[in-house]
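The structure under discussion appears below in the form of structure tokens.
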Amino acid sequence: MSFLLPCPNCGPRDVYEFRFGGEYLKRPGPDAPSEAWVEYLYLRANEAGAQNEWWYHRLGCRGWFLALRDTRTNAVLEVYRPDEKRA
Amino acid sequence: MKDSRLPPHPAQRVNRGKPITFTFEGRAIHAYDGETVAAALYAAGVRTFSRSFKYHRPRGLLCVAGRCPNCLMEVDGTPNVRTCIEPARQEMRVRGQHAWPSLERDLFACFDKLDRVLPVGFYYKTFIHPTWLWPTYERVLRRLAGLGRLDIAREPEGHGEHVHLHADLAIVGGGPAGIAAALEAARLGVEVLLIDDGPTLGGHLQWQLLPSEGEQPGYALALNLADLVRGEPRIRHLAGATAFGLYEGRLLGVMQGEHLIKVRAQRIVVATGGFETPLVFQNNDRPGVFLGDGLQRLMTLYGISPGRRALVIANADRGLRLARELLAAGIEVAAVADVRSEPHSADGQHLREAGVPVLSGHTVLEVRGRKRVEAAALVSLDSAERPSPGSEKTVECDLLALATGWEPASALLAQGGARLDYRADLGGFFPAELPSWLFAAGEVRGAQGLGAIQKDGRLAGLKAALSLGAGDARDRALAEALQEDANPPPSIRPIVSVPHPKPKRFVCLCEDVTEKDLADAIQEGFDHIETLKRYTTLTMGPCQGKMCHRASIGICAALTGRDPSQTGTTTARPPLKPVPLGVLAGPHHEPVKLTPIHHLHASLGATWMDMGLWKRPLVYTSVEEECRVVHQGVGLIDVSTLGKLDVKGRDAAQFLDWIHSNRFSDLKAGRVRYRVMLDDAGIILDDGTVARLGEDHFFLTTGSGSLELVEQWLEWWLAGSDRCLHVTDVTGALAAINLAGPKSREVLARLTDLDLSPEALPYLAAVQGTVAGIPVLILRIGFVGELGYEMHFAAEYGDYLWETLREAGREFDILPFGVEAQRVLRLEKLHIIPGHDTDALSNPLEADMAWVVKMDKPDFIGRATLARVKARGLRQRLVGFEMLTPVVPGEGDAVVADGLPVGRVTSAKWSPVLGRAIGMAWVPPDLAVDGGHLQVKCDGQVCRGRVVTKPFYDPEGKRLRS
């Protein structure tokens, strides 16, 4: 695995500068039913295709951002900051 | 042994003025600087360079290019060195491999007669019964298998570096196409990295004595082209550099000597040309059978006279040209057997004029000679590719030059995602569709003839440069013009193998796989190229399929009634050439983290331990003494390794309530509190302390190994939220010392004007003040169970405060204590260490820490899960225990009940002050009864203990609250 990931702050860097932070998921509310919590904690879509996911630039700016990556080809379709609306 | 060298020639790489000597199997070998080991050995009369893997057949030089396995020898203790490209050096020690007692006389050659009992895949069917013989089988087979010997005691000497390069355009291959591409791109202003595996540029031109087109002999043209490249400042040339892999993200892995060069390129041109592969016929592996260009290189680059009389086997114009080159280099060519019915090129005419018969429609049937080529039998092939009966002719010769199996070196293109299609007209797999950033140029793309090759290179350089935004409308028009020129159709009659009743027709030389083996495997059902490869192991030897991939596809296709395009290729994976692990590992960097007080611990004779990257003192004098000093007097420990975070902002208090199981919004300024952090599955991630320094200002400590985790976790929860606060890592900025023991107040009192009385500075107070003249944050906490002060201060005062405290404590016999004593002391208080006593399944309710979970908070990370854990009931419990006998269990030992494991010891130590072994363990809830019995399996024996659910030492906590 050696693709380039474009950090919104630092630009394209080797993927090993980053830590993968998992699929983007919405946290259930405190009163949500057990099924919602089980899904959030233990189940993953594991999409073969475009996946919305978190990345942490541990060897760079140490910021969190989101990326839309095709898990089949590692082509990074989009990156955006957590407070930006996706295109 | 007569010295068989040709007269000097400018095309040679050899310096006859600089003689060198090395040893081979005990003999002194005379060589010259610039010769390879194999060339010098050949000149000294060596003809058997190795013994084959299974049958121990003699093998001679074949490719002379570092591709085939035939020349592998041990050089200066390093096994499997490709001597045909390894430069000879003064006092080298060269030995043969895989043969005993010598390469020339190998006793294991008897295996050649055992081919009936050693067929393909024999090890799947034999050596199974009887099973009690397996250890013997293993011992014997291990000794017999393999090629080189590894001396595992030998220290690696590598000094390889890892280099990172960025290039707009990287070109792999410094032959005529690569050079043309480089010059064209540079003309348009592009910075070019030209990567070539030879010592000098020019590719195959370097060993051509005749002109290709025009008047310059190949080797002279190569020198001119190299000059052009040298004169172009935008081209950076990496010589002796092999691009062994093209990885995701346009990353090229390049090996240059011992160095690993990682190249990130925007565009890549692959102009790697191609190479000859052997024809499959009876005894095709005899020493004396050369690949045509290998013989050319031996003569032209190294000036070695290879023998008396060569027979050329051809299937295209390339072979006729080869025969002329061999004549020019100075060897008699007996004939050319051209399998085509009519040779086309002018070279055929030249050969006839030179007295060399060209036998059309003929090819080689078998080679004769026990250890060397002595003669060859030629046959004519009918249209069904079978030998015509009665057409056999014997030709007396001592050399065969094969020119029937040229294939493009397209591995990098395949790795880069190119689609390769079988071209019947060219007899091979050529790139058909490429990703937009990858270009192919020259012979690897099918261009034939120097003019076409150079034009193709220009075109690739132009297209790459245009795609980078360089060049103008004229250059675009030029690219269109170059594109339109069609290559003239070549005249090739593809041939892969010649039928023969006998079985010694080798497809895979590395693994001794014959055509009969392929036929047998296909009959057994392995008729797909991928399964055929795996069952027979063909292409899985040192040459990695370079010599046999082509033939195996052709044979598999023929035997399964398909054509090669239906059979397909096996997947090309990097590295395309063996790369030593030491090159990939690179320089041995071992980063460590040291506290500011590190050197003082060293001078006190500390024994070190590793906590992640941190070096920490494990013990200074003895654990017993260090524990005693903390219980009875005063000790000090360097805790600078703690993670330290400054948390500041309007929403800091509310955020701390969110990420912890307990509450901090009600923590008063000037107070410190224990903190526990969970994830949403309710699992304990980390613990530490929080001190409130102000309304919006908190100071957090984390576990020594958890800082990165905590910082990332906090930042993630803040990302995209509208909470107003900052988290700043101040771990490196602050040193920290914990002064602990009943006398610690008296020691500290000597160094500060702060009121240290229990009323002014009670347990869990946090105060900022001056100690020994420097600003310090003092936290009165009690991890080690005695009166103590954890001091945080600027790191540059680390050693100053350490020494000052030691001096102030001298009259109280102060001693430093290390991590081991700290571990014992905290265990006496039943204080957990997350990650040691807890794991990925531990929640605070089961870890006996319900008091730290404030379920009345409306929401916090982990709340939902803990509510459910509470409802469902606890399934395991973390308890303390003491042993009834003076046995200290091992950490990880099982807690057993009725002989079955039901739990696990997480910590266990000998407590000097209590005089018994104590520990913590996870146990089922029914065993978690204070005073209840416990059985631990340690060292194979069942030992008895008793559950203790309150701290072993000072259970009321009076001492640390004093």
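Scheme for the structure tokens: letters A, B, ... for chains in order shown; per-chain residue numbers from 1; ligand numbers from 1 in order shown.
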Pull out every residue of chain A that has at least one atom within 10 Å of chain B, counting only C-alpha atoms, and report them as a ChimeraX atom specification.
/A:1-5,14-15,19,21,27-34,37-38,40-42,54-58,62-65,73-75,81-84
Next, dump the selected residues to file, keeping only C-alpha atoms, as a compact mmCIF listing (two decimals), in the first residue's frame.
# COMPACT_ATOMS: atom_id res chain seq x y z
CA MET A 1 0.00 0.00 0.00
CA SER A 2 1.74 3.22 -1.04
CA PHE A 3 -0.84 5.61 -2.36
CA LEU A 4 -0.69 9.35 -1.82
CA LEU A 5 -3.27 10.89 0.50
CA ASP A 14 2.64 9.05 1.57
CA VAL A 15 -0.21 7.18 3.22
CA ARG A 19 -3.37 6.74 10.74
CA GLY A 21 -9.50 6.32 11.63
CA ARG A 27 -22.94 8.18 16.91
CA PRO A 28 -26.34 7.09 18.20
CA GLY A 29 -28.02 9.25 20.79
CA PRO A 30 -27.85 8.19 24.46
CA ASP A 31 -31.36 6.73 24.32
CA ALA A 32 -31.01 4.87 21.04
CA PRO A 33 -31.96 1.18 21.03
CA SER A 34 -29.36 -1.58 21.43
CA TRP A 37 -25.34 0.81 19.40
CA VAL A 38 -24.31 -2.67 18.22
CA TYR A 40 -22.12 1.64 15.67
CA LEU A 41 -19.66 -0.30 17.79
CA TYR A 42 -19.25 -3.58 15.96
CA TRP A 54 -11.47 9.35 8.91
CA TRP A 55 -7.73 9.95 8.64
CA TYR A 56 -5.27 11.42 11.19
CA HIS A 57 -2.05 13.03 9.96
CA ARG A 58 0.13 11.67 12.76
CA ARG A 62 -1.76 16.04 13.54
CA GLY A 63 -5.16 17.05 12.30
CA TRP A 64 -8.20 14.88 11.58
CA PHE A 65 -9.94 15.00 8.24
CA THR A 73 -8.31 1.04 -6.15
CA ASN A 74 -7.22 3.36 -3.32
CA ALA A 75 -8.09 6.31 -5.52
CA ARG A 81 -12.25 19.01 6.85
CA PRO A 82 -14.72 17.71 9.40
CA ASP A 83 -16.59 21.00 9.52
CA GLU A 84 -16.95 21.32 5.74
If we count only C-alpha atoms, what is near Gln51 of chain A at a cut-off of 8 Å, once residues fewer than 6 positions away on the same chain are taken out, given as an mmCIF file with N, CA and C atoms, in the first residue's frame?
data_model
loop_
_atom_site.group_PDB
_atom_site.id
_atom_site.type_symbol
_atom_site.label_atom_id
_atom_site.label_comp_id
_atom_site.auth_asym_id
_atom_site.auth_seq_id
_atom_site.Cartn_x
_atom_site.Cartn_y
_atom_site.Cartn_z
ATOM 1 N N GLU A 23 -14.386 3.989 9.312
ATOM 2 C CA GLU A 23 -15.491 4.524 8.510
ATOM 3 C C GLU A 23 -16.179 5.660 9.252
ATOM 4 N N ALA A 67 -12.021 11.558 4.193
ATOM 5 C CA ALA A 67 -11.715 11.290 2.800
ATOM 6 C C ALA A 67 -12.768 10.369 2.231
ATOM 7 N N LEU A 68 -12.974 10.518 0.937
ATOM 8 C CA LEU A 68 -13.818 9.580 0.210
ATOM 9 C C LEU A 68 -12.862 8.782 -0.675
ATOM 10 N N ARG A 69 -12.687 7.507 -0.347
ATOM 11 C CA ARG A 69 -11.684 6.707 -1.044
ATOM 12 C C ARG A 69 -12.352 5.474 -1.631
ATOM 13 N N ASP A 70 -11.958 5.128 -2.840
ATOM 14 C CA ASP A 70 -12.435 3.887 -3.453
ATOM 15 C C ASP A 70 -11.597 2.748 -2.893
ATOM 16 N N THR A 71 -12.194 1.901 -2.084
ATOM 17 C CA THR A 71 -11.418 0.860 -1.410
ATOM 18 C C THR A 71 -10.903 -0.202 -2.376
#
Within 12 Å of Lys743 of chain B, counting only C-alpha atoms, which residues show up once you throw out same-chain ones fewer than 5 positions away? Write them as a list in words, please.
Val629, Val630, His631, Gln632, Gly633, Val634, Gly635, Leu636, Leu748, Ala749, Arg750, Glu786, Leu787, Gly788, Tyr789, Ala808, Gly809, Arg810, Glu811, Phe812, Asp813, Ile814, Leu815, Arg959, Leu960 and Ser962 of chain B
Dump as a PDB file, in the first residue's frame, selection limited to N, CA and C atoms:
ATOM      1  N   VAL B 629      12.472   2.185  51.400  1.00  0.00           N
ATOM      2  CA  VAL B 629      12.757   3.610  51.548  1.00  0.00           C
ATOM      3  C   VAL B 629      11.478   4.429  51.364  1.00  0.00           C
ATOM      4  N   VAL B 630      10.612   4.018  50.413  1.00  0.00           N
ATOM      5  CA  VAL B 630       9.374   4.762  50.178  1.00  0.00           C
ATOM      6  C   VAL B 630       8.400   4.549  51.340  1.00  0.00           C
ATOM      7  N   HIS B 631       8.385   3.357  51.899  1.00  0.00           N
ATOM      8  CA  HIS B 631       7.457   3.085  53.006  1.00  0.00           C
ATOM      9  C   HIS B 631       7.915   3.752  54.304  1.00  0.00           C
ATOM     10  N   GLN B 632       9.226   3.832  54.503  1.00  0.00           N
ATOM     11  CA  GLN B 632       9.730   4.276  55.811  1.00  0.00           C
ATOM     12  C   GLN B 632      10.365   5.655  55.778  1.00  0.00           C
ATOM     13  N   GLY B 633      10.904   6.064  54.651  1.00  0.00           N
ATOM     14  CA  GLY B 633      11.625   7.330  54.626  1.00  0.00           C
ATOM     15  C   GLY B 633      11.125   8.216  53.513  1.00  0.00           C
ATOM     16  N   VAL B 634      11.956   8.361  52.478  1.00  0.00           N
ATOM     17  CA  VAL B 634      11.537   9.152  51.316  1.00  0.00           C
ATOM     18  C   VAL B 634      12.315   8.668  50.093  1.00  0.00           C
ATOM     19  N   GLY B 635      11.606   8.593  48.982  1.00  0.00           N
ATOM     20  CA  GLY B 635      12.262   8.217  47.728  1.00  0.00           C
ATOM     21  C   GLY B 635      11.813   9.168  46.637  1.00  0.00           C
ATOM     22  N   LEU B 636      12.521   9.139  45.517  1.00  0.00           N
ATOM     23  CA  LEU B 636      12.081   9.955  44.384  1.00  0.00           C
ATOM     24  C   LEU B 636      12.169   9.166  43.094  1.00  0.00           C
ATOM     25  N   LEU B 748      10.615  18.393  51.149  1.00  0.00           N
ATOM     26  CA  LEU B 748      10.103  19.458  50.293  1.00  0.00           C
ATOM     27  C   LEU B 748      10.087  20.789  51.020  1.00  0.00           C
ATOM     28  N   ALA B 749       9.811  20.740  52.336  1.00  0.00           N
ATOM     29  CA  ALA B 749       9.731  21.973  53.116  1.00  0.00           C
ATOM     30  C   ALA B 749      11.038  22.742  53.080  1.00  0.00           C
ATOM     31  N   ARG B 750      12.152  22.034  52.920  1.00  0.00           N
ATOM     32  CA  ARG B 750      13.442  22.706  52.854  1.00  0.00           C
ATOM     33  C   ARG B 750      13.628  23.512  51.585  1.00  0.00           C
ATOM     34  N   GLU B 786       1.916   6.229  49.625  1.00  0.00           N
ATOM     35  CA  GLU B 786       2.455   6.982  50.756  1.00  0.00           C
ATOM     36  C   GLU B 786       2.255   8.464  50.502  1.00  0.00           C
ATOM     37  N   LEU B 787       2.475   9.269  51.536  1.00  0.00           N
ATOM     38  CA  LEU B 787       2.462  10.726  51.368  1.00  0.00           C
ATOM     39  C   LEU B 787       3.388  11.058  50.209  1.00  0.00           C
ATOM     40  N   GLY B 788       2.904  11.845  49.268  1.00  0.00           N
ATOM     41  CA  GLY B 788       3.765  12.107  48.118  1.00  0.00           C
ATOM     42  C   GLY B 788       3.366  13.343  47.357  1.00  0.00           C
ATOM     43  N   TYR B 789       4.331  13.893  46.592  1.00  0.00           N
ATOM     44  CA  TYR B 789       4.122  15.113  45.821  1.00  0.00           C
ATOM     45  C   TYR B 789       4.636  14.876  44.405  1.00  0.00           C
ATOM     46  N   ALA B 808      18.667  17.726  49.344  1.00  0.00           N
ATOM     47  CA  ALA B 808      17.806  18.100  50.479  1.00  0.00           C
ATOM     48  C   ALA B 808      17.379  16.878  51.277  1.00  0.00           C
ATOM     49  N   GLY B 809      17.304  15.741  50.617  1.00  0.00           N
ATOM     50  CA  GLY B 809      16.837  14.542  51.316  1.00  0.00           C
ATOM     51  C   GLY B 809      17.950  13.707  51.888  1.00  0.00           C
ATOM     52  N   ARG B 810      19.178  14.157  51.734  1.00  0.00           N
ATOM     53  CA  ARG B 810      20.324  13.358  52.131  1.00  0.00           C
ATOM     54  C   ARG B 810      20.241  12.922  53.594  1.00  0.00           C
ATOM     55  N   GLU B 811      19.880  13.868  54.489  1.00  0.00           N
ATOM     56  CA  GLU B 811      19.870  13.511  55.905  1.00  0.00           C
ATOM     57  C   GLU B 811      18.745  12.520  56.217  1.00  0.00           C
ATOM     58  N   PHE B 812      17.780  12.365  55.283  1.00  0.00           N
ATOM     59  CA  PHE B 812      16.709  11.381  55.492  1.00  0.00           C
ATOM     60  C   PHE B 812      16.993  10.092  54.734  1.00  0.00           C
ATOM     61  N   ASP B 813      18.250   9.986  54.214  1.00  0.00           N
ATOM     62  CA  ASP B 813      18.646   8.793  53.453  1.00  0.00           C
ATOM     63  C   ASP B 813      17.759   8.578  52.240  1.00  0.00           C
ATOM     64  N   ILE B 814      17.508   9.668  51.548  1.00  0.00           N
ATOM     65  CA  ILE B 814      16.657   9.572  50.345  1.00  0.00           C
ATOM     66  C   ILE B 814      17.333   8.692  49.299  1.00  0.00           C
ATOM     67  N   LEU B 815      16.541   7.922  48.583  1.00  0.00           N
ATOM     68  CA  LEU B 815      17.070   7.101  47.503  1.00  0.00           C
ATOM     69  C   LEU B 815      16.150   7.222  46.285  1.00  0.00           C
ATOM     70  N   ARG B 959      -2.140   6.635  55.267  1.00  0.00           N
ATOM     71  CA  ARG B 959      -0.768   7.108  55.087  1.00  0.00           C
ATOM     72  C   ARG B 959      -0.694   8.132  53.955  1.00  0.00           C
ATOM     73  N   LEU B 960      -1.413   7.882  52.845  1.00  0.00           N
ATOM     74  CA  LEU B 960      -1.278   8.842  51.754  1.00  0.00           C
ATOM     75  C   LEU B 960      -2.136  10.084  51.982  1.00  0.00           C
ATOM     76  N   SER B 962      -1.975  11.649  54.872  1.00  0.00           N
ATOM     77  CA  SER B 962      -1.426  12.273  56.086  1.00  0.00           C
ATOM     78  C   SER B 962      -0.977  13.718  55.852  1.00  0.00           C
TER      79      SER B 962
END
So that I can check the surroundings of segment 526-533 of chain B, please list as a tab-separated table (two decimals) with C-alpha atoms, in the first residue's frame every protein, DNA and RNA residue that reaches within 7 Å of it, counting only C-alpha atoms and ignoring chain neighbours fewer than 4 positions away.
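Result written to around-v7.tsv:
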chain	number	residue	atom	x	y	z
B	521	ALA	CA	0.85	-31.92	-14.26
B	522	ILE	CA	-1.72	-30.89	-16.84
B	537	THR	CA	7.01	-24.61	-9.13
B	538	LEU	CA	8.01	-23.37	-12.54
B	539	THR	CA	8.87	-19.64	-12.58
B	556	CYS	CA	0.54	-25.04	-21.58
B	560	THR	CA	-4.56	-27.73	-23.50
B	567	THR	CA	-3.82	-19.23	-21.59
B	569	THR	CA	0.19	-15.00	-18.04
B	570	THR	CA	0.72	-15.37	-14.32
Write down as an MDAnalysis selection string the residues of chain A whose backbone DSSP state falls under helix (DSSP H, G or I).
chainID A and resid 15:17 34:42
Just the selected residues (C-alpha atoms), exported as a short mmCIF file (atom, residue, chain, number, x, y, z; two decimals), in the first residue's frame, please.
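Once everything was written out, this is again_5.cif:
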data_model
loop_
_atom_site.label_atom_id
_atom_site.label_comp_id
_atom_site.auth_asym_id
_atom_site.auth_seq_id
_atom_site.Cartn_x
_atom_site.Cartn_y
_atom_site.Cartn_z
CA VAL A 15 -0.21 7.18 3.22
CA TYR A 16 2.12 5.88 5.96
CA GLU A 17 2.28 9.40 7.42
CA SER A 34 -29.36 -1.58 21.43
CA GLU A 35 -29.41 -2.42 17.72
CA ALA A 36 -28.17 1.07 16.88
CA TRP A 37 -25.34 0.81 19.40
CA VAL A 38 -24.31 -2.67 18.22
CA GLU A 39 -24.13 -1.40 14.67
CA TYR A 40 -22.12 1.64 15.67
CA LEU A 41 -19.66 -0.30 17.79
CA TYR A 42 -19.25 -3.58 15.96
#
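Here atom CA of Ala220 of chain B stands at a distance of 27.8 Å from atom CA of Gly189 of chain B.
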Run DSSP on the backbone of this structure and report the residues of segment 147-273 of chain B it assigns to strand (DSSP E), as an NGL selection string.
:B and (162-172 or 192-195 or 235-238 or 241-247 or 251-256 or 259-270)
Restricting it to C-alpha atoms, dump the selection as a compact mmCIF listing (two decimals), in the first residue's frame.
# COMPACT_ATOMS: atom_id res chain seq x y z
CA HIS B 162 17.19 4.82 1.88
CA VAL B 163 16.88 7.70 -0.55
CA HIS B 164 13.64 9.45 -1.51
CA LEU B 165 13.52 11.11 -4.91
CA HIS B 166 10.77 12.99 -6.65
CA ALA B 167 10.70 13.29 -10.43
CA ASP B 168 8.40 14.82 -12.98
CA LEU B 169 9.40 12.07 -15.37
CA ALA B 170 11.17 8.85 -14.49
CA ILE B 171 12.47 6.75 -17.36
CA VAL B 172 13.40 3.14 -16.71
CA VAL B 192 14.10 13.72 -16.05
CA LEU B 193 15.37 10.88 -13.89
CA LEU B 194 16.96 8.24 -16.12
CA ILE B 195 17.28 4.89 -14.36
CA ILE B 235 18.66 14.60 -17.04
CA ARG B 236 19.79 12.94 -13.83
CA HIS B 237 21.23 9.52 -14.57
CA LEU B 238 21.15 6.73 -11.98
CA ALA B 241 20.21 1.04 -10.64
CA THR B 242 17.55 -1.62 -11.07
CA ALA B 243 13.91 -0.59 -10.90
CA PHE B 244 12.50 -3.72 -9.29
CA GLY B 245 8.93 -2.70 -8.63
CA LEU B 246 6.24 -0.26 -9.62
CA TYR B 247 3.92 0.25 -6.71
CA LEU B 251 6.12 4.69 -6.58
CA LEU B 252 9.15 3.04 -8.16
CA GLY B 253 11.37 0.86 -6.02
CA VAL B 254 14.97 1.10 -7.26
CA MET B 255 17.96 -0.83 -5.96
CA GLN B 256 21.38 0.71 -6.54
CA HIS B 259 20.88 1.49 -1.47
CA LEU B 260 17.14 1.61 -1.82
CA ILE B 261 15.86 4.56 -3.80
CA LYS B 262 12.15 5.28 -3.63
CA VAL B 263 11.10 7.36 -6.60
CA ARG B 264 7.75 9.18 -6.76
CA ALA B 265 7.17 10.22 -10.33
CA GLN B 266 4.38 12.11 -12.03
CA ARG B 267 4.98 10.21 -15.24
CA ILE B 268 6.90 7.02 -15.95
CA VAL B 269 8.32 5.76 -19.24
CA VAL B 270 9.30 2.10 -19.34
